[in-house]
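To keep things clear, I will list the structure first and then write my remarks on it.
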Amino acid sequence: MSLDRHEIKQEIGVLHEWARYYQAHGRTDIAQENYRKISQLEKMITRAQIIDGLRALADFLDEHPGVPVNSWAHVSYSVISADIDSTGDQDDAERAEVDRVAALLGVTPTLSDNGSHYTALRTFGPVEYRATAITEEHMAKHCAADTYYGVVTP
């Protein structure tokens, strides 16, 4: 059974009402299940919007040959532990998500030379789809270095 986006948004509204009801009546287990369903439905809407946007872009570029393009394009999925259901080590959970995506893509993930990026990559002609997990340590170093942005100039 397929729901259109309007029906999905209505379903989300109903689930929110029930989640609040169950939360108020001490049934946090049922409330949490409703919130998980809401998250899944919101992800369905986001996915449909991305697909629609890509199709619209392709149609636009096809209809407007004067608009320049590079010889390549990419779509990336940045794996963030907050966006996946995980318990335990953040890096392990993110790598497991890249493994899952790699299996769907039919590719083998690779680890960068310095071990900071774990990536699954599949190409479609000059277009690539890339799922990447970046280690927590590497992100912390990047954030620390970024604290000087705008203060120190080379």
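Naming works like this for the structure tokens: A, B, ... for the chains as they're shown, residue 1 at the start of each chain, ligands 1 onward in shown order.
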Could you list, as an mmCIF file with C-alpha atoms, in the first residue's frame, every residue within 10 Å of stretch 103-113 of chain A, counting only C-alpha atoms and ignoring same-chain residues fewer than 2 positions away?
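Full text of around.cif as output:
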```
data_model
loop_
_atom_site.group_PDB
_atom_site.id
_atom_site.type_symbol
_atom_site.label_atom_id
_atom_site.label_comp_id
_atom_site.auth_asym_id
_atom_site.auth_seq_id
_atom_site.Cartn_x
_atom_site.Cartn_y
_atom_site.Cartn_z
ATOM 1 C CA ARG A 95 30.910 1.672 9.771
ATOM 2 C CA GLU A 97 25.794 1.524 8.263
ATOM 3 C CA VAL A 98 28.342 1.989 5.462
ATOM 4 C CA ASP A 99 28.600 -1.819 5.241
ATOM 5 C CA ARG A 100 24.806 -2.037 4.954
ATOM 6 C CA VAL A 101 24.728 0.584 2.193
ATOM 7 C CA GLY A 115 41.799 5.447 8.547
ATOM 8 C CA SER A 116 39.552 8.465 8.972
ATOM 9 C CA HIS A 117 37.006 7.847 6.184
ATOM 10 C CA TYR A 118 35.129 4.602 5.520
ATOM 11 C CA THR A 119 33.378 4.788 2.154
ATOM 12 C CA ALA A 120 31.081 2.832 -0.129
ATOM 13 C CA LEU A 121 31.097 4.157 -3.689
ATOM 14 C CA ARG A 122 29.147 3.194 -6.790
ATOM 15 C CA THR A 123 29.352 5.027 -10.088
ATOM 16 C CA TYR A 129 26.766 7.748 -5.113
ATOM 17 C CA ARG A 130 28.982 7.770 -2.024
ATOM 18 C CA ALA A 131 28.211 6.802 1.578
ATOM 19 C CA THR A 132 30.876 7.868 4.053
ATOM 20 C CA ALA A 133 31.466 7.527 7.770
ATOM 21 C CA ILE A 134 34.153 9.705 9.342
#
```
- Task: Can you work out which one of A:Leu61, A:Ile8, A:Ala93, A:Val127 has the shortest atom-to-atom distance to A:Val79, counting only C-alpha atoms?
- Result: A:Ala93
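With atom CA of A:Thr135 on one side and atom CA of A:Glu94 on the other, the separation reads 8.4 Å.
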- Message: I need the residue nearest A:Asp4 from this list: A:Ala24, A:Ala19, A:Met44, A:Ala145. Use only C-alpha atoms for the distance.
- Response: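 Using only C-alpha atoms, A:Asp4 sits closest to A:Met44.
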- Between atom CA of A:His6 and atom CA of A:His25, measure the distance and give it in Å to one decimal.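 Interatomic distance, atom CA of A:His6 to atom CA of A:His25: 29.1 Å.
Nearest to A:Leu57 of all the residues A:Glu128, A:Gln32, A:Lys43, A:Ala73 is A:Ala73, counting only C-alpha atoms.
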